[in-house]
Protein chains: 4
Amino acid sequence: MSGNTFGKLFTVTTFGESHGPALGAIVDGCPPGLPLSEADLQHDLDRRRPGSSRHTTQRKEPDQVRILSGVFEGKTTGTSIGLLIENTDQRSNDYSKIKEQFRPAHADYTYHHKYGHRDYRGGGRSSARETAMRVAAGAIAKKYLAAQGVQIRGYMSQLGPIKIDFKQWESVGQNAFFCPDPERVAELEAYMDQLRRDQDSVGAEITVIAEGVPVGLGEPVFDRLDADLAHGLMSINAVKGVEIGAGFGCVAQRGSEHRDEMTPEGFLSNHAGGVLGGISSGQPIVARLALKPTSSITTPGRSIDIHGQAVEVITKGRHDPCVGIRATPIAEAMMAITLLDHWLRHRGQNGEVSVDTPRLTQR
Amino acid sequence: MSGNTFGKLFTVTTFGESHGPALGAIVDGCPPGLPLSEADLQHDLDRRRPGSSRHTTQRKEPDQVRILSGVFEGKTTGTSIGLLIENTDQRSNDYSKIKEQFRPAHADYTYHHKYGHRDYRGGGRSSARETAMRVAAGAIAKKYLAAQGVQIRGYMSQLGPIKIDFKQWESVGQNAFFCPDPERVAELEAYMDQLRRDQDSVGAEITVIAEGVPVGLGEPVFDRLDADLAHGLMSINAVKGVEIGAGFGCVAQRGSEHRDEMTPEGFLSNHAGGVLGGISSGQPIVARLALKPTSSITTPGRSIDIHGQAVEVITKGRHDPCVGIRATPIAEAMMAITLLDHWLRHRGQNGEVSVDTPRLTQR
Amino acid sequence: MSGNTFGKLFTVTTFGESHGPALGAIVDGCPPGLPLSEADLQHDLDRRRPGSSRHTTQRKEPDQVRILSGVFEGKTTGTSIGLLIENTDQRSNDYSKIKEQFRPAHADYTYHHKYGHRDYRGGGRSSARETAMRVAAGAIAKKYLAAQGVQIRGYMSQLGPIKIDFKQWESVGQNAFFCPDPERVAELEAYMDQLRRDQDSVGAEITVIAEGVPVGLGEPVFDRLDADLAHGLMSINAVKGVEIGAGFGCVAQRGSEHRDEMTPEGFLSNHAGGVLGGISSGQPIVARLALKPTSSITTPGRSIDIHGQAVEVITKGRHDPCVGIRATPIAEAMMAITLLDHWLRHRGQNGEVSVDTPRLTQR
Amino acid sequence: MSGNTFGKLFTVTTFGESHGPALGAIVDGCPPGLPLSEADLQHDLDRRRPGSSRHTTQRKEPDQVRILSGVFEGKTTGTSIGLLIENTDQRSNDYSKIKEQFRPAHADYTYHHKYGHRDYRGGGRSSARETAMRVAAGAIAKKYLAAQGVQIRGYMSQLGPIKIDFKQWESVGQNAFFCPDPERVAELEAYMDQLRRDQDSVGAEITVIAEGVPVGLGEPVFDRLDADLAHGLMSINAVKGVEIGAGFGCVAQRGSEHRDEMTPEGFLSNHAGGVLGGISSGQPIVARLALKPTSSITTPGRSIDIHGQAVEVITKGRHDPCVGIRATPIAEAMMAITLLDHWLRHRGQNGEVSVDTPRLTQR
């Protein structure tokens, strides 16, 4: 368990470096009998894929996934599922500089000191390229959950200083930003174009929502559903904050305002974000995550080299000016993996998950 | 692993209900040879103890901890450490109402549906009383880390609408709020007094900081140090959000601002909160957590009973009007446990943690 | 996970030294709604208890277990179950010798070098006293499994050179040896009496059988049911060998003999011991374990002290001349814990365990 | 954790079916800086490879392994290591019979009932082909341990009724049986030839020995070194029994005989097999495992089909008449993985493994 596995019963273990030959994952614990094909995984991989708009890295990766085991005649067998994506566009750049210099706010410095020896090409293991396997594995979880009536969707709720109110799910798939308001897309485009001219990057906030989750998922006291969600979401590259429901907004709330009152017809609000005492309440599970601006910018920055000498660093190469733009499918994947893991854990201890419990969703 | 264990190498497993005979924990994986006595644990337990000011629950619990194993002649032996605290003030109230009614925003509703059968007295396992054992176990981790030069401290950074800037550590231990600014204490007192008159509760924000952490702790990609911190902190009762470093503030930041530049003398800022690529950078680790207002208020609220009928609920009993007030030692404990776990995990894979690596802390 | 936890979904974590104040365990993952009282645990504890015949150690321990959490109004709640047994007869012997000398074939030598600092009184953590908590936890698993029709029973199948054929279950509870043949008990008594006169000890073999196990328990490839059974049984003090079904006897078997042929009415044999491909077949699960002779004998032996000097060691105190005599309940407990863990793991991934699958037990 | 992962800190997770496109593994937790190439893994893979003599299956698999991550410029980086072997000789046989019939003593019956849907071609996941990835992963562990002075070697100690005394390590690599006595090889050849004429199969016993293991590896009480070894070895296909040291022979031993006395110059015997109280003693670790005769024989056997009807089964195809013949490298691999995992676990809790502790190996 040295850090490359997520989950307890439904587990995802990954490998792969940015510029190595391939990325891979082993998904263990998937229930048998689930119809599954590579196309099921490819859909989300394509949503995350680099190079699909001018606002993301221009690296061209088809991210074509192969299922190498665990599926037979179109259905899962319950045995471990091997996944593989070959890297095809790992350019042989000149890495002589990056090899000896620490880019500010990158993992270069910490990997160097932790491991002594590291693959510095393109960030190696610390590259966000690793998240492709999360998306592939998450697609399996999504498919299982969808068959149980659980739908997991995300959108961009803030780009830099621009807050985006939710309008409609239809919009999310129709622009490069996962923006839920079609009328704001032009503004985002303009902002990104200016940012590129400024040779800078910016942060973003993603909101992920799971609807149709039955009452009862989550294991107190340490493996609360929200705690494991926080673990999964915070483990995504560049994430610096996670909120459930009202999140940091609850600090200034009073109890009489925050508490979600219940009536026989349903909850009257959802400040809890669908989790009470660490257990799903049947309301939509709402999480938000903050992604920092990538540090790979061409504006020079002060840094040091491996000998401790001062250097000026300019990060060239193909980089996302806002890593948050492609983060929505990754966040959905981590939520799906977490929910399926807890679904199976609940079923293990308590028996079949009751999808018939009357769910008091918000009126 | 049904949820009552935290950690991989340094593990804490707990049991105990609010109104049961005792709370307990087993701490496994503590390095041998650490000087340890019950007094070491009692200090933090006393900081968290209820009933020590008029702003917290009036339940009187000495929270006297006993070490039942794993310590011999004043030093840890490397075997599992058994801890026990007997409950002494679990009043035999009339629970006939709470037994059949769901208090809004409590775990009543979700425990009922998850388990079918629950100890409803005082919230049972979902009570914050459980956190006493986190504090006891955390004190062990703190003591080990302190001997390595790591200091973990927290303070209240916001009470309801009142933001509190950090002034001095000395102040934190001198008031009931863990307030780091002695000049603001009177304001907090007044706010709480008014809140009690309003029969309401309020949220709070706690900041926890670890200083002296060496470079290199954290296991990419899923068990990043910040991801495990998020897991640990979000698992504390009432927490709805966790931030590392700039947290949600990074959304509106540009890369040129967020990136912490380095010079031979040190980092020029700490927006990263001491974690880069999931690995500690040697800078102070800074985390913030948002605690919701407790829902145990005497203002009537709409709810339902176990038969689905509408009821009006008033939560009487002895409750904290702001659970955040006593949360600082708990947050410190979870950070200490997480750091020690990662210390041992790092040492396992990589060999001795280098405390000699030049740490570029913030100038 | 530093070694004091067993199981993945149904987990048992223990603490306690031979001469410390108490032994304890936390049982996590027990399904809710199981009727459970201390009397349910006491039965097996009494079967294992020392001092109940002249053939076991004369230490007098009531081994009275308390349930401190996880049970409410007579039924489990699904939360963690705290168990505690206070040590009452830990005599304050003179340990000055044992402190500095390594008893041959004891854990003294290895604990000393592993941990540097150890509780040497009565063997500390390495004492078989620790197994009391296994028996208490196992009784919970047994009770759950019994309600599903699974019965777990063991007996002594060999005492030193004396092989004992199975005759009847009734006999097992009627003598101090767990001997399944009432006509052999006198022989065992005589053997033990002579052994004591010889100031020596002897090994034993225990057979444990689980009947009524449904088809399907066990997780290939590493967590096969038989592999986890081997783990659990080999972890019992003094065990040096574990067999499933034909065990080492299968080495000399031919495939035509070993393979258990099937007919519509049932299997024609059970050389597999109820496990095929790591998964329960519905036949009785049969395991055997070999326990070494205790090394705590009063015949002098050559050894060294902590300074590496030669010493002559005589182990006085209250010891079992055959630790195998009290091992049957412990072996049953480990089998029960393993089976329940796999029951829950199966249910987690695959849904409810089918107890209706036609079981082709041996004709 | 659904069964396809082994280890706690040094973990091996595998996937792959007999007739799928590929086998794979992710090795996590390998210390950084270890020189490693595919050639290091290929050596043991070739020792295990099918088709290398007339006494094993005639399936032709080059078992060419690729390292896809975790190694950079010839050294491990500390990140997860992806391994892949493509299946090349999975013939498209006619599986219409095997699809509906349960071969006696195979996993067909249990997989069918556990999962409902299974890859029946060549045994699917239950095929011993899976063990190739154990060998590849084990080679990594072996290489690390070898650099620390630990040598792990195995040999066949019994083939069917033929017991083989150990003579010399040189012989083991010079015959198809891993036979340690060159003078017995002809006898084994003749036995196997007769067995093939008999259309039958036979069991075998393998002995594995680790020399140079420092004092102190193993985590009491459940994760004793011998318990984890038993887990690992029993998880190998066809294994029905595991012994440490004297094993079942200790049942008839007396304490005065079994206890390994110590002198300043060393232990006087090694009945314990190098493990005391679950912790390595510095003596050679000795384990034996019993492998059953494969059930894939061409002698007709009685069985049933998936409808419960009686059928006569003849298992054609390419099978090993004695799976034990190729089992030695697999057993070595599981011992190496277990030892390295415990090495890292020890180092995590206790600090650097002391290889300087005077080892009292057997005189």
# chains A, B, ... in the order shown; residues from 1 in each chain; ligands from 1
$ residues_around --residues "Ser126 (chain B)" --least-positions-apart "2" --cutoff "8 Å" --atoms "only C-alpha atoms" --output "VMD selection string"
(chain A and resid 220 to 221 277) or (chain B and resid 17 107 123 to 124 128 130 237)
$ interface_residues --of "chain C" --to "chain A" --cutoff "12 Å" --atoms "only C-alpha atoms" --output "PyMOL selection string"
chain C and resi 1+8-11+28-34+76-80+144+219-222+340-353
$ closest_residue --among "A:Gly249, A:Asp119, A:Pro214, A:Pro62" --to "Arg47 (chain A)" --atoms "only C-alpha atoms"
A:Pro62
$ closest_residue --among "C:His271, C:Pro21, C:Ile244, C:Asn175" --to "Glu257 (chain C)" --atoms "only C-alpha atoms"
C:His271
$ select_by_dssp --residues "region 103-351 of chain C" --states "strand (DSSP E)" --output "PyMOL selection string"
chain C and resi 151-159+162-163+204-211+239-244+262-263+266-267+275-276+279-280+285-291+301-304+310-313
$ write_last_selection --atoms "C-alpha atoms" --output "PDB file, in the first residue's frame"
ATOM      1  CA  GLN C 151     -20.877 -24.996  12.525  1.00  0.00           C
ATOM      2  CA  ILE C 152     -17.216 -24.863  13.479  1.00  0.00           C
ATOM      3  CA  ARG C 153     -15.731 -27.507  15.711  1.00  0.00           C
ATOM      4  CA  GLY C 154     -12.287 -28.819  16.493  1.00  0.00           C
ATOM      5  CA  TYR C 155     -10.624 -31.651  18.308  1.00  0.00           C
ATOM      6  CA  MET C 156      -7.196 -32.956  19.192  1.00  0.00           C
ATOM      7  CA  SER C 157      -6.104 -35.423  16.533  1.00  0.00           C
ATOM      8  CA  GLN C 158      -2.670 -36.178  17.924  1.00  0.00           C
ATOM      9  CA  LEU C 159      -0.904 -35.732  21.263  1.00  0.00           C
ATOM     10  CA  ILE C 162      -0.403 -40.698  20.058  1.00  0.00           C
ATOM     11  CA  LYS C 163      -2.639 -40.397  17.001  1.00  0.00           C
ATOM     12  CA  ALA C 204       0.004 -31.747  19.404  1.00  0.00           C
ATOM     13  CA  GLU C 205      -2.099 -31.686  16.291  1.00  0.00           C
ATOM     14  CA  ILE C 206      -5.525 -30.083  16.164  1.00  0.00           C
ATOM     15  CA  THR C 207      -8.153 -30.638  13.478  1.00  0.00           C
ATOM     16  CA  VAL C 208     -10.802 -27.984  12.827  1.00  0.00           C
ATOM     17  CA  ILE C 209     -13.835 -28.516  10.651  1.00  0.00           C
ATOM     18  CA  ALA C 210     -16.430 -26.078   9.388  1.00  0.00           C
ATOM     19  CA  GLU C 211     -19.668 -27.618   8.193  1.00  0.00           C
ATOM     20  CA  VAL C 239       1.910 -23.441  15.319  1.00  0.00           C
ATOM     21  CA  LYS C 240       4.507 -24.742  12.841  1.00  0.00           C
ATOM     22  CA  GLY C 241       2.361 -26.300  10.127  1.00  0.00           C
ATOM     23  CA  VAL C 242      -1.060 -26.018   8.504  1.00  0.00           C
ATOM     24  CA  GLU C 243      -2.809 -28.430   6.180  1.00  0.00           C
ATOM     25  CA  ILE C 244      -6.044 -28.224   4.233  1.00  0.00           C
ATOM     26  CA  MET C 262     -18.777 -35.366  -8.302  1.00  0.00           C
ATOM     27  CA  THR C 263     -22.130 -36.993  -8.882  1.00  0.00           C
ATOM     28  CA  GLY C 266     -22.634 -35.257  -4.050  1.00  0.00           C
ATOM     29  CA  PHE C 267     -18.873 -35.385  -3.961  1.00  0.00           C
ATOM     30  CA  VAL C 275     -11.704 -25.559  -0.969  1.00  0.00           C
ATOM     31  CA  LEU C 276     -11.272 -25.555  -4.765  1.00  0.00           C
ATOM     32  CA  ILE C 279     -13.087 -20.894  -2.937  1.00  0.00           C
ATOM     33  CA  SER C 280     -15.303 -22.930  -0.637  1.00  0.00           C
ATOM     34  CA  ILE C 285     -13.679 -27.278   5.353  1.00  0.00           C
ATOM     35  CA  VAL C 286     -11.008 -29.353   7.037  1.00  0.00           C
ATOM     36  CA  ALA C 287      -7.802 -27.877   8.437  1.00  0.00           C
ATOM     37  CA  ARG C 288      -5.107 -29.344  10.618  1.00  0.00           C
ATOM     38  CA  LEU C 289      -2.462 -27.510  12.559  1.00  0.00           C
ATOM     39  CA  ALA C 290       0.725 -28.678  14.241  1.00  0.00           C
ATOM     40  CA  LEU C 291       1.694 -27.119  17.575  1.00  0.00           C
ATOM     41  CA  GLY C 301      18.970 -25.928  28.600  1.00  0.00           C
ATOM     42  CA  ARG C 302      21.917 -24.113  27.105  1.00  0.00           C
ATOM     43  CA  SER C 303      21.392 -20.523  26.125  1.00  0.00           C
ATOM     44  CA  ILE C 304      22.945 -17.076  26.138  1.00  0.00           C
ATOM     45  CA  ALA C 310      26.618 -18.704  27.818  1.00  0.00           C
ATOM     46  CA  VAL C 311      24.038 -19.465  30.520  1.00  0.00           C
ATOM     47  CA  GLU C 312      22.038 -22.448  31.689  1.00  0.00           C
ATOM     48  CA  VAL C 313      18.320 -21.788  31.681  1.00  0.00           C
TER      49      VAL C 313
END
$ residues_around --residues "Gln58 (chain C)" --least-positions-apart "4" --cutoff "9 Å" --atoms "only C-alpha atoms" --output "list in words"
Pro50, Gly51, Ser52, Ser53, Arg54, Arg318, His319 and Asp320 of chain C
$ atom_distance --atom1 "CA of Thr110 (chain C)" --atom2 "CA of Gly149 (chain D)"
19.3 Å
$ atom_distance --atom1 "CA of Asp63 (chain D)" --atom2 "CA of Asp193 (chain D)"
26.3 Å
$ select_by_dssp --residues "region 97-330 of chain D" --states "alpha helix (DSSP H)" --output "JSON, numbers by chain"
{"D": [97, 98, 99, 100, 108, 109, 110, 111, 112, 113, 114, 115, 131, 132, 133, 134, 135, 136, 137, 138, 139, 140, 141, 142, 143, 144, 145, 146, 147, 169, 170, 171, 172, 185, 186, 187, 188, 189, 190, 191, 192, 193, 194, 195, 196, 197, 225, 226, 227, 228, 229, 230, 231, 232, 233, 234, 255, 256, 257, 258, 328, 329, 330]}
$ residues_around --residues "region 139-143 of chain C" --least-positions-apart "3" --cutoff "7 Å" --atoms "only C-alpha atoms" --output "short mmCIF file (atom, residue, chain, number, x, y, z; two decimals) with N, CA and C atoms, in the first residue's frame"
data_model
loop_
_atom_site.label_atom_id
_atom_site.label_comp_id
_atom_site.auth_asym_id
_atom_site.auth_seq_id
_atom_site.Cartn_x
_atom_site.Cartn_y
_atom_site.Cartn_z
N ASP C 40 -22.29 -15.20 25.55
CA ASP C 40 -21.95 -15.85 24.27
C ASP C 40 -20.45 -15.99 24.11
N LEU C 41 -19.73 -15.03 24.65
CA LEU C 41 -18.26 -15.07 24.52
C LEU C 41 -17.64 -15.92 25.62
N ASP C 44 -16.74 -19.98 25.13
CA ASP C 44 -15.48 -20.41 24.53
C ASP C 44 -14.27 -19.99 25.37
N VAL C 135 -10.21 -15.80 21.05
CA VAL C 135 -11.35 -16.66 21.35
C VAL C 135 -12.61 -15.82 21.57
N ALA C 136 -12.44 -14.69 22.26
CA ALA C 136 -13.60 -13.82 22.50
C ALA C 136 -14.15 -13.28 21.18
N ALA C 146 -23.24 -19.36 12.94
CA ALA C 146 -24.17 -20.41 13.38
C ALA C 146 -25.59 -20.08 12.93
N ALA C 147 -25.92 -18.80 12.97
CA ALA C 147 -27.26 -18.39 12.54
C ALA C 147 -27.45 -18.62 11.03
N ALA C 333 -11.69 -20.38 16.70
CA ALA C 333 -11.90 -18.93 16.63
C ALA C 333 -11.29 -18.35 15.35
N ALA C 336 -13.35 -19.27 12.43
CA ALA C 336 -14.61 -18.52 12.40
C ALA C 336 -14.38 -17.09 11.91
N ILE C 337 -13.33 -16.46 12.43
CA ILE C 337 -13.05 -15.08 12.03
C ILE C 337 -12.75 -15.03 10.53
N LEU C 340 -16.02 -15.60 8.50
CA LEU C 340 -16.95 -14.46 8.50
C LEU C 340 -16.38 -13.32 7.67
#
$ closest_residue --among "A:Gly16, A:Gly122, A:Gly203, A:Gly82" --to "Lys99 (chain A)" --atoms "only C-alpha atoms"
A:Gly122
$ atom_distance --atom1 "CA of Tyr115 (chain C)" --atom2 "CA of Leu36 (chain B)"
15.5 Å
$ residues_around --residues "Gly232 (chain B)" --least-positions-apart "6" --cutoff "8 Å" --atoms "only C-alpha atoms" --output "VMD selection string"
(chain A and resid 222 227) or (chain B and resid 6 334 to 335 338)
$ write_last_selection --atoms "all heavy atoms" --output "PDB file, in the first residue's frame"
ATOM      1  N   PHE A 222     -13.906   6.790  10.937  1.00  0.00           N
ATOM      2  CA  PHE A 222     -12.839   7.403  10.145  1.00  0.00           C
ATOM      3  C   PHE A 222     -13.140   7.363   8.643  1.00  0.00           C
ATOM      4  O   PHE A 222     -12.716   8.234   7.908  1.00  0.00           O
ATOM      5  CB  PHE A 222     -11.497   6.722  10.422  1.00  0.00           C
ATOM      6  CG  PHE A 222     -10.993   6.946  11.816  1.00  0.00           C
ATOM      7  CD1 PHE A 222     -10.894   5.906  12.726  1.00  0.00           C
ATOM      8  CD2 PHE A 222     -10.620   8.212  12.225  1.00  0.00           C
ATOM      9  CE1 PHE A 222     -10.428   6.122  14.026  1.00  0.00           C
ATOM     10  CE2 PHE A 222     -10.156   8.438  13.521  1.00  0.00           C
ATOM     11  CZ  PHE A 222     -10.071   7.387  14.419  1.00  0.00           C
ATOM     12  N   ALA A 227     -15.308  11.849   4.296  1.00  0.00           N
ATOM     13  CA  ALA A 227     -13.857  11.798   4.534  1.00  0.00           C
ATOM     14  C   ALA A 227     -13.161  11.076   3.387  1.00  0.00           C
ATOM     15  O   ALA A 227     -12.095  11.499   2.918  1.00  0.00           O
ATOM     16  CB  ALA A 227     -13.567  11.107   5.860  1.00  0.00           C
TER      17      ALA A 227
ATOM     18  N   PHE B   6      -7.770   4.207  11.461  1.00  0.00           N
ATOM     19  CA  PHE B   6      -7.140   5.244  10.645  1.00  0.00           C
ATOM     20  C   PHE B   6      -5.642   4.982  10.584  1.00  0.00           C
ATOM     21  O   PHE B   6      -5.022   4.668  11.595  1.00  0.00           O
ATOM     22  CB  PHE B   6      -7.398   6.630  11.241  1.00  0.00           C
ATOM     23  CG  PHE B   6      -6.959   7.753  10.342  1.00  0.00           C
ATOM     24  CD1 PHE B   6      -7.746   8.132   9.271  1.00  0.00           C
ATOM     25  CD2 PHE B   6      -5.748   8.400  10.532  1.00  0.00           C
ATOM     26  CE1 PHE B   6      -7.339   9.143   8.406  1.00  0.00           C
ATOM     27  CE2 PHE B   6      -5.329   9.413   9.685  1.00  0.00           C
ATOM     28  CZ  PHE B   6      -6.128   9.796   8.614  1.00  0.00           C
ATOM     29  N   MET B 334      -5.419  14.682  14.631  1.00  0.00           N
ATOM     30  CA  MET B 334      -5.514  14.026  13.325  1.00  0.00           C
ATOM     31  C   MET B 334      -4.318  14.388  12.441  1.00  0.00           C
ATOM     32  O   MET B 334      -3.847  13.562  11.655  1.00  0.00           O
ATOM     33  CB  MET B 334      -6.832  14.394  12.627  1.00  0.00           C
ATOM     34  CG  MET B 334      -8.082  13.841  13.308  1.00  0.00           C
ATOM     35  SD  MET B 334      -8.020  12.080  13.779  1.00  0.00           S
ATOM     36  CE  MET B 334      -7.898  11.294  12.171  1.00  0.00           C
ATOM     37  N   MET B 335      -3.829  15.618  12.582  1.00  0.00           N
ATOM     38  CA  MET B 335      -2.644  15.957  11.794  1.00  0.00           C
ATOM     39  C   MET B 335      -1.426  15.181  12.308  1.00  0.00           C
ATOM     40  O   MET B 335      -0.623  14.677  11.512  1.00  0.00           O
ATOM     41  CB  MET B 335      -2.346  17.455  11.832  1.00  0.00           C
ATOM     42  CG  MET B 335      -1.179  17.815  10.915  1.00  0.00           C
ATOM     43  SD  MET B 335      -0.804  19.580  10.818  1.00  0.00           S
ATOM     44  CE  MET B 335      -1.760  20.102   9.405  1.00  0.00           C
ATOM     45  N   THR B 338      -1.646  11.535  11.146  1.00  0.00           N
ATOM     46  CA  THR B 338      -1.361  11.439   9.707  1.00  0.00           C
ATOM     47  C   THR B 338       0.130  11.608   9.427  1.00  0.00           C
ATOM     48  O   THR B 338       0.719  10.855   8.639  1.00  0.00           O
ATOM     49  CB  THR B 338      -2.157  12.518   8.948  1.00  0.00           C
ATOM     50  OG1 THR B 338      -3.545  12.373   9.266  1.00  0.00           O
ATOM     51  CG2 THR B 338      -1.961  12.389   7.447  1.00  0.00           C
TER      52      THR B 338
END
$ closest_residue --among "C:Ala272, C:Tyr120, C:Gln309, C:Pro161" --to "Val71 (chain B)" --atoms "only C-alpha atoms"
C:Tyr120
$ residues_around --residues "Ser201 (chain C)" --least-positions-apart "3" --cutoff "7 Å" --atoms "only C-alpha atoms" --output "list of chain:residue names"
C:Leu195, C:Pro293, C:Thr294, C:Ile297, C:Pro321, C:Cys322, D:Arg254, D:Gly255
$ closest_residue --among "D:Pro300, D:Gly7, D:Gly24, D:Pro35" --to "Gln64 (chain D)" --atoms "only C-alpha atoms"
D:Gly24
$ residues_around --residues "Lys292 (chain B)" --least-positions-apart "5" --cutoff "6 Å" --atoms "only C-alpha atoms" --output "list in words"
Cys250 and Val251 of chain A; Gly203 and Ala238 of chain B
